[in-house]
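J.: Structure file target_27.cif (mmCIF, C-alpha atoms, pLDDT in the B column; chains and numbers go by the auth columns) right here:
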```cif
data_start
loop_
_atom_site.group_PDB
_atom_site.id
_atom_site.type_symbol
_atom_site.label_atom_id
_atom_site.label_comp_id
_atom_site.label_asym_id
_atom_site.label_seq_id
_atom_site.Cartn_x
_atom_site.Cartn_y
_atom_site.Cartn_z
_atom_site.B_iso_or_equiv
_atom_site.auth_seq_id
_atom_site.auth_asym_id
ATOM 1 C CA MET A 1 -48.131 3.933 3.399 51.00 11 A
ATOM 2 C CA PRO A 2 -46.788 2.129 0.256 61.00 12 A
ATOM 3 C CA ARG A 3 -44.469 5.091 -0.486 62.00 13 A
ATOM 4 C CA PHE A 4 -43.092 4.906 3.034 55.00 14 A
ATOM 5 C CA ARG A 5 -42.529 1.159 2.722 60.00 15 A
ATOM 6 C CA LEU A 6 -40.730 1.615 -0.622 55.00 16 A
ATOM 7 C CA PHE A 7 -38.593 4.375 0.894 55.00 17 A
ATOM 8 C CA ALA A 8 -37.777 2.148 3.899 50.00 18 A
ATOM 9 C CA VAL A 9 -36.800 -0.728 1.600 46.00 19 A
ATOM 10 C CA LEU A 10 -34.556 1.564 -0.447 48.00 20 A
ATOM 11 C CA ILE A 11 -32.903 2.886 2.709 53.00 21 A
ATOM 12 C CA ALA A 12 -32.383 -0.665 3.973 46.00 22 A
ATOM 13 C CA LEU A 13 -30.844 -1.737 0.650 42.00 23 A
ATOM 14 C CA ALA A 14 -28.544 1.285 0.629 44.00 24 A
ATOM 15 C CA ALA A 15 -27.465 0.536 4.194 43.00 25 A
ATOM 16 C CA LEU A 16 -26.875 -3.106 3.313 39.00 26 A
ATOM 17 C CA ALA A 17 -24.792 -2.145 0.278 40.00 27 A
ATOM 18 C CA ALA A 18 -22.750 0.303 2.354 39.00 28 A
ATOM 19 C CA GLY A 19 -22.238 -2.307 5.046 39.00 29 A
ATOM 20 C CA VAL A 20 -21.046 -4.863 2.525 34.00 30 A
ATOM 21 C CA TRP A 21 -18.700 -2.329 0.950 37.00 31 A
ATOM 22 C CA PHE A 22 -17.242 -1.086 4.247 37.00 32 A
ATOM 23 C CA GLY A 23 -17.339 -4.465 5.953 35.00 33 A
ATOM 24 C CA ARG A 24 -15.652 -6.487 3.264 36.00 34 A
ATOM 25 C CA GLY A 25 -12.399 -6.063 5.126 38.00 35 A
ATOM 26 C CA HIS A 26 -9.287 -4.138 4.343 41.00 36 A
ATOM 27 C CA TYR A 27 -7.319 -7.193 3.292 41.00 37 A
ATOM 28 C CA ALA A 28 -7.451 -7.966 -0.385 41.00 38 A
ATOM 29 C CA PRO A 29 -7.554 -11.595 -1.506 40.00 39 A
ATOM 30 C CA ALA A 30 -4.337 -13.489 -0.766 39.00 40 A
ATOM 31 C CA ALA A 31 -4.191 -15.143 -4.174 43.00 41 A
ATOM 32 C CA SER A 32 -1.224 -13.737 -6.050 46.00 42 A
ATOM 33 C CA ASP A 33 -1.132 -12.978 -9.738 73.00 43 A
ATOM 34 C CA ALA A 34 2.241 -14.102 -11.095 85.00 44 A
ATOM 35 C CA ALA A 35 2.214 -11.597 -13.969 87.00 45 A
ATOM 36 C CA ALA A 36 1.477 -8.651 -11.671 88.00 46 A
ATOM 37 C CA LEU A 37 4.181 -9.715 -9.209 90.00 47 A
ATOM 38 C CA ALA A 38 6.641 -10.073 -12.077 90.00 48 A
ATOM 39 C CA ALA A 39 5.717 -6.543 -13.201 90.00 49 A
ATOM 40 C CA LEU A 40 6.335 -5.283 -9.660 92.00 50 A
ATOM 41 C CA HIS A 41 9.732 -6.962 -9.454 91.00 51 A
ATOM 42 C CA GLN A 42 10.697 -5.579 -12.886 93.00 52 A
ATOM 43 C CA ALA A 43 9.420 -2.051 -12.239 94.00 53 A
ATOM 44 C CA SER A 44 11.715 0.949 -12.011 96.00 54 A
ATOM 45 C CA TYR A 45 10.675 4.396 -10.869 97.00 55 A
ATOM 46 C CA PRO A 46 12.610 7.588 -10.220 97.00 56 A
ATOM 47 C CA ASP A 47 13.427 8.642 -6.692 96.00 57 A
ATOM 48 C CA PRO A 48 12.849 12.292 -5.652 95.00 58 A
ATOM 49 C CA GLN A 49 16.308 13.160 -7.015 94.00 59 A
ATOM 50 C CA GLY A 50 15.332 11.801 -10.448 94.00 60 A
ATOM 51 C CA ARG A 51 17.513 8.666 -10.318 96.00 61 A
ATOM 52 C CA SER A 52 15.849 5.512 -11.624 97.00 62 A
ATOM 53 C CA GLN A 53 15.513 2.851 -8.940 97.00 63 A
ATOM 54 C CA ALA A 54 14.716 -0.761 -9.815 96.00 64 A
ATOM 55 C CA LEU A 55 12.549 -2.571 -7.289 96.00 65 A
ATOM 56 C CA ALA A 56 14.646 -5.672 -8.041 95.00 66 A
ATOM 57 C CA GLN A 57 17.494 -4.158 -6.009 96.00 67 A
ATOM 58 C CA TRP A 58 15.607 -5.153 -2.866 96.00 68 A
ATOM 59 C CA ALA A 59 14.977 -8.761 -3.933 94.00 69 A
ATOM 60 C CA GLY A 60 15.761 -11.286 -1.234 94.00 70 A
ATOM 61 C CA ARG A 61 14.564 -8.991 1.534 96.00 71 A
ATOM 62 C CA LEU A 62 11.234 -8.935 3.334 97.00 72 A
ATOM 63 C CA ARG A 63 9.583 -5.916 1.662 97.00 73 A
ATOM 64 C CA VAL A 64 6.801 -3.555 2.586 98.00 74 A
ATOM 65 C CA VAL A 65 5.624 -1.864 -0.614 98.00 75 A
ATOM 66 C CA ASN A 66 3.307 1.044 0.057 98.00 76 A
ATOM 67 C CA PHE A 67 1.386 2.872 -2.694 98.00 77 A
ATOM 68 C CA TRP A 68 0.590 6.351 -1.405 98.00 78 A
ATOM 69 C CA ALA A 69 0.048 9.994 -2.390 97.00 79 A
ATOM 70 C CA SER A 70 0.827 13.312 -0.732 97.00 80 A
ATOM 71 C CA TRP A 71 -2.841 14.354 -0.915 96.00 81 A
ATOM 72 C CA CYS A 72 -4.033 11.142 0.812 97.00 82 A
ATOM 73 C CA ALA A 73 -4.709 11.743 4.525 97.00 83 A
ATOM 74 C CA PRO A 74 -4.511 8.070 5.630 97.00 84 A
ATOM 75 C CA CYS A 75 -1.245 7.758 3.668 97.00 85 A
ATOM 76 C CA ARG A 76 0.260 10.692 5.527 96.00 86 A
ATOM 77 C CA GLU A 77 -1.003 9.341 8.858 96.00 87 A
ATOM 78 C CA GLU A 78 0.649 5.926 8.492 97.00 88 A
ATOM 79 C CA MET A 79 4.021 7.180 7.224 97.00 89 A
ATOM 80 C CA PRO A 80 5.508 8.008 10.660 97.00 90 A
ATOM 81 C CA ASP A 81 4.649 4.463 11.805 97.00 91 A
ATOM 82 C CA PHE A 82 6.173 3.015 8.637 98.00 92 A
ATOM 83 C CA ASP A 83 9.281 5.128 9.160 98.00 93 A
ATOM 84 C CA ALA A 84 9.674 3.924 12.753 98.00 94 A
ATOM 85 C CA LEU A 85 9.221 0.292 11.712 98.00 95 A
ATOM 86 C CA ALA A 86 11.598 0.729 8.758 98.00 96 A
ATOM 87 C CA ARG A 87 14.335 1.964 11.105 97.00 97 A
ATOM 88 C CA ARG A 88 13.559 -0.780 13.614 97.00 98 A
ATOM 89 C CA TYR A 89 13.674 -3.670 11.110 97.00 99 A
ATOM 90 C CA ARG A 90 16.175 -2.498 8.476 96.00 100 A
ATOM 91 C CA HIS A 91 19.075 -4.359 10.092 96.00 101 A
ATOM 92 C CA LYS A 92 16.942 -7.530 10.124 96.00 102 A
ATOM 93 C CA GLY A 93 16.541 -7.606 6.343 95.00 103 A
ATOM 94 C CA VAL A 94 13.283 -5.643 5.956 97.00 104 A
ATOM 95 C CA GLU A 95 12.951 -2.894 3.363 98.00 105 A
ATOM 96 C CA PHE A 96 10.112 -0.408 3.166 98.00 106 A
ATOM 97 C CA ILE A 97 9.494 1.124 -0.258 98.00 107 A
ATOM 98 C CA GLY A 98 7.018 3.954 -0.782 98.00 108 A
ATOM 99 C CA ILE A 99 5.708 4.273 -4.318 98.00 109 A
ATOM 100 C CA ALA A 100 3.972 7.596 -4.820 98.00 110 A
ATOM 101 C CA VAL A 101 0.951 7.741 -7.063 96.00 111 A
ATOM 102 C CA ASP A 102 1.701 11.427 -7.345 96.00 112 A
ATOM 103 C CA THR A 103 3.856 14.021 -9.100 95.00 113 A
ATOM 104 C CA GLU A 104 7.529 14.667 -8.464 95.00 114 A
ATOM 105 C CA ALA A 105 6.829 18.216 -7.258 96.00 115 A
ATOM 106 C CA ASN A 106 4.179 17.066 -4.760 96.00 116 A
ATOM 107 C CA VAL A 107 6.410 14.304 -3.416 97.00 117 A
ATOM 108 C CA GLN A 108 9.402 16.594 -3.010 96.00 118 A
ATOM 109 C CA ALA A 109 7.314 19.208 -1.195 96.00 119 A
ATOM 110 C CA PHE A 110 5.807 16.547 1.063 96.00 120 A
ATOM 111 C CA LEU A 111 9.194 15.017 1.941 97.00 121 A
ATOM 112 C CA GLN A 112 10.520 18.469 2.870 96.00 122 A
ATOM 113 C CA LYS A 113 7.852 18.621 5.572 95.00 123 A
ATOM 114 C CA GLN A 114 7.803 14.936 6.545 94.00 124 A
ATOM 115 C CA PRO A 115 11.016 13.130 5.606 95.00 125 A
ATOM 116 C CA VAL A 116 11.220 9.353 5.908 97.00 126 A
ATOM 117 C CA SER A 117 14.212 7.056 6.195 96.00 127 A
ATOM 118 C CA TYR A 118 13.052 4.549 3.600 98.00 128 A
ATOM 119 C CA PRO A 119 13.169 4.809 -0.202 98.00 129 A
ATOM 120 C CA ILE A 120 10.427 6.807 -1.871 98.00 130 A
ATOM 121 C CA LEU A 121 9.841 6.329 -5.588 98.00 131 A
ATOM 122 C CA ILE A 122 7.630 8.401 -7.866 97.00 132 A
ATOM 123 C CA GLY A 123 5.368 6.157 -9.893 95.00 133 A
ATOM 124 C CA GLY A 124 2.577 8.500 -10.947 92.00 134 A
ATOM 125 C CA GLY A 125 -0.157 6.915 -13.038 91.00 135 A
ATOM 126 C CA ASN A 126 1.956 3.865 -13.871 92.00 136 A
ATOM 127 C CA ALA A 127 2.145 2.992 -10.189 94.00 137 A
ATOM 128 C CA HIS A 128 -1.622 3.371 -9.916 93.00 138 A
ATOM 129 C CA LEU A 129 -2.058 0.827 -12.718 93.00 139 A
ATOM 130 C CA LEU A 130 0.434 -1.518 -11.073 93.00 140 A
ATOM 131 C CA ALA A 131 -1.380 -1.290 -7.731 95.00 141 A
ATOM 132 C CA ARG A 132 -4.604 -2.257 -9.497 93.00 142 A
ATOM 133 C CA GLN A 133 -2.877 -5.236 -11.134 92.00 143 A
ATOM 134 C CA LEU A 134 -1.644 -6.247 -7.689 94.00 144 A
ATOM 135 C CA GLY A 135 -5.145 -6.521 -6.265 93.00 145 A
ATOM 136 C CA ASN A 136 -6.233 -2.965 -5.487 94.00 146 A
ATOM 137 C CA ALA A 137 -9.529 -3.242 -7.349 92.00 147 A
ATOM 138 C CA THR A 138 -10.852 0.088 -6.054 93.00 148 A
ATOM 139 C CA GLY A 139 -7.735 2.117 -6.800 93.00 149 A
ATOM 140 C CA ALA A 140 -8.019 3.711 -3.354 96.00 150 A
ATOM 141 C CA LEU A 141 -4.967 4.649 -1.302 97.00 151 A
ATOM 142 C CA PRO A 142 -3.020 3.757 0.694 98.00 152 A
ATOM 143 C CA TYR A 143 -2.429 0.241 -0.538 98.00 153 A
ATOM 144 C CA THR A 144 0.281 -1.870 1.050 98.00 154 A
ATOM 145 C CA LEU A 145 1.813 -5.215 0.174 97.00 155 A
ATOM 146 C CA VAL A 146 4.179 -7.216 2.327 97.00 156 A
ATOM 147 C CA LEU A 147 6.339 -9.550 0.261 96.00 157 A
ATOM 148 C CA ASP A 148 8.406 -12.370 1.722 95.00 158 A
ATOM 149 C CA ARG A 149 12.039 -12.948 0.782 94.00 159 A
ATOM 150 C CA GLU A 150 10.965 -15.002 -2.242 93.00 160 A
ATOM 151 C CA GLY A 151 8.711 -12.199 -3.491 93.00 161 A
ATOM 152 C CA ARG A 152 5.416 -13.830 -2.555 92.00 162 A
ATOM 153 C CA VAL A 153 2.600 -11.728 -1.127 94.00 163 A
ATOM 154 C CA VAL A 154 2.196 -12.142 2.622 94.00 164 A
ATOM 155 C CA ILE A 155 -0.594 -9.567 2.967 95.00 165 A
ATOM 156 C CA ARG A 156 -2.368 -6.975 0.850 96.00 166 A
ATOM 157 C CA HIS A 157 -3.951 -4.148 2.774 97.00 167 A
ATOM 158 C CA LEU A 158 -6.201 -1.391 1.490 97.00 168 A
ATOM 159 C CA GLY A 159 -6.425 1.636 3.757 97.00 169 A
ATOM 160 C CA ARG A 160 -4.362 2.755 6.710 97.00 170 A
ATOM 161 C CA LEU A 161 -2.353 -0.206 7.993 97.00 171 A
ATOM 162 C CA PRO A 162 -2.174 -0.140 11.800 97.00 172 A
ATOM 163 C CA ARG A 163 1.364 -0.168 13.176 97.00 173 A
ATOM 164 C CA ALA A 164 0.644 -3.087 15.530 97.00 174 A
ATOM 165 C CA THR A 165 -0.712 -5.194 12.665 96.00 175 A
ATOM 166 C CA LEU A 166 2.282 -4.523 10.438 97.00 176 A
ATOM 167 C CA ASP A 167 4.703 -5.075 13.317 97.00 177 A
ATOM 168 C CA ALA A 168 3.126 -8.490 14.013 96.00 178 A
ATOM 169 C CA VAL A 169 3.291 -9.466 10.320 96.00 179 A
ATOM 170 C CA LEU A 170 6.962 -8.493 10.136 97.00 180 A
ATOM 171 C CA ARG A 171 7.865 -10.353 13.346 96.00 181 A
ATOM 172 C CA GLU A 172 6.023 -13.472 12.188 95.00 182 A
ATOM 173 C CA ASN A 173 7.716 -13.465 8.781 94.00 183 A
ATOM 174 C CA LEU A 174 11.156 -12.824 10.221 94.00 184 A
ATOM 175 C CA ALA A 175 10.704 -15.867 12.444 87.00 185 A
ATOM 176 C CA HIS A 176 10.406 -18.121 9.370 75.00 186 A
#
```
Kindly return the structure encoded in the file as structure tokens.

T.:
Amino acid sequence: MPRFRLFAVLIALAALAAGVWFGRGHYAPAASDAAALAALHQASYPDPQGRSQALAQWAGRLRVVNFWASWCAPCREEMPDFDALARRYRHKGVEFIGIAVDTEANVQAFLQKQPVSYPILIGGGNAHLLARQLGNATGALPYTLVLDREGRVVIRHLGRLPRATLDAVLRENLAH
């Protein structure tokens, strides 16, 4: 019986650890790190055509910055919703920016199959490091930030961001 009890305790601890990990919420802490945000605003990455694009060009707009990869299923699943919202809110001063933690070849192949109307940049490993600096402690994808017009973080979201949630965040921030 002691072996069974030890096994039961180990199972319970594993379940508790898994519950804490999965239940800790998809929103990262709201506290912003000034140095990481400065790095984001100063970052430049190539677009799929190889032209360098500075993220600063979208300063002053409400921005949705999404770190993604072509091999990431939840990333691919949320992109049609992001594309629809990008088209819906573009004229209201909202810019979606996809930063691929991926290779140029993979991104180009992906965009041939599933084009989007918002800018896609290819950040590779540098973008992965930046996402970690911006609060993505696990390094998992997708990871999305919404920045207000002053460049402050409104939300940080790890995992697939539901369209209704993002739509509500955008509407609320446009009202201010």

J.: Which centre and which edge lengths, in Å to one decimal, describe the axis-aligned box that holds all listed atoms of segment 104-119 of chain A after 3 Å is added on each side, as lines of an AutoDock Vina configuration file?

T.:
```
center_x = 7.1
center_y = 6.8
center_z = -1.6
size_x = 18.3
size_y = 30.9
size_z = 21.1
```

J.: Name the residues in contact with segment 48-59 of chain A at a cut-off of 7 Å, using all atoms listed in the file, excluding same-chain residues fewer than 3 positions from it; report them as a list in words.

T.: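 The neighbour list is Ala44, Ala45, Ser62, Gln63, Ala64, Leu65, Ala66, Glu114, Gln118, Ile130, Leu131, Ile132 and Gly133 of chain A.
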
J.: Using the selection just defined, write its residues with C-alpha atoms as a compact mmCIF listing (two decimals), in the frame of the given file.

T.:
```
# COMPACT_ATOMS: atom_id res chain seq x y z
CA ALA A 44 2.24 -14.10 -11.10
CA ALA A 45 2.21 -11.60 -13.97
CA SER A 62 15.85 5.51 -11.62
CA GLN A 63 15.51 2.85 -8.94
CA ALA A 64 14.72 -0.76 -9.82
CA LEU A 65 12.55 -2.57 -7.29
CA ALA A 66 14.65 -5.67 -8.04
CA GLU A 114 7.53 14.67 -8.46
CA GLN A 118 9.40 16.59 -3.01
CA ILE A 130 10.43 6.81 -1.87
CA LEU A 131 9.84 6.33 -5.59
CA ILE A 132 7.63 8.40 -7.87
CA GLY A 133 5.37 6.16 -9.89
```

J.: Contacts of segment 178-182 of chain A at 10 Å or less, counting all atoms listed in the file, minus same-chain residues fewer than 2 places along, as a PDB file with C-alpha atoms, in the frame of the given file?

T.:
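So the final result, stored in part_33.pdb, reads:
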```pdb
ATOM      1  CA  LEU A  72      11.234  -8.935   3.334  1.00 97.00           C
ATOM      2  CA  ARG A  73       9.583  -5.916   1.662  1.00 97.00           C
ATOM      3  CA  VAL A  74       6.801  -3.555   2.586  1.00 98.00           C
ATOM      4  CA  LEU A  95       9.221   0.292  11.712  1.00 98.00           C
ATOM      5  CA  TYR A  99      13.674  -3.670  11.110  1.00 97.00           C
ATOM      6  CA  VAL A 104      13.283  -5.643   5.956  1.00 97.00           C
ATOM      7  CA  VAL A 156       4.179  -7.216   2.327  1.00 97.00           C
ATOM      8  CA  LEU A 157       6.339  -9.550   0.261  1.00 96.00           C
ATOM      9  CA  ASP A 158       8.406 -12.370   1.722  1.00 95.00           C
ATOM     10  CA  VAL A 164       2.196 -12.142   2.622  1.00 94.00           C
ATOM     11  CA  ILE A 165      -0.594  -9.567   2.967  1.00 95.00           C
ATOM     12  CA  ARG A 173       1.364  -0.168  13.176  1.00 97.00           C
ATOM     13  CA  ALA A 174       0.644  -3.087  15.530  1.00 97.00           C
ATOM     14  CA  THR A 175      -0.712  -5.194  12.665  1.00 96.00           C
ATOM     15  CA  LEU A 176       2.282  -4.523  10.438  1.00 97.00           C
ATOM     16  CA  LEU A 184      11.156 -12.824  10.221  1.00 94.00           C
ATOM     17  CA  ALA A 185      10.704 -15.867  12.444  1.00 87.00           C
ATOM     18  CA  HIS A 186      10.406 -18.121   9.370  1.00 75.00           C
TER      19      HIS A 186
END
```

J.: Report as a list in words all protein, DNA and RNA residues lying within 9 Å of Val75 of chain A, evaluated on all atoms listed in the file, omitting residues in the same chain fewer than 5 positions from it.

T.: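 Skipping anything fewer than 5 positions along the chain leaves Glu105, Phe106, Ile107, Gly108, Ile109, Tyr153, Thr154, Leu155, Val156 and Leu157 of chain A.
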
J.: May I ask for the distance between atom CA of Gln124 of chain A and atom CA of Cys82 of chain A, given in Å to one decimal place?

T.: 13.7 Å

J.: Quick one: pull the distance between atom CA of Phe92 of chain A and atom CA of Gly149 of chain A, Å, one decimal.

T.: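 Here the two named atoms are 20.8 Å from each other.
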
J.: For a quick check of understanding, using all atoms listed in the file, which of A:Trp68, A:Pro90, A:Ala79, A:Arg170 has the smallest distance to Pro125 of chain A?

T.: A:Pro90

J.: What is the atom CA of His138 of chain A-atom CA of Leu121 of chain A distance in Å, reported with one decimal?

T.: 19.8 Å

J.: Would you mind telling me which residue in A:Val111, A:Val117, A:Ala96, A:Cys85 lies nearest to Gly60 of chain A when using only C-alpha atoms?

T.: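 For Gly60 of chain A, the nearest of the given residues is A:Val117.
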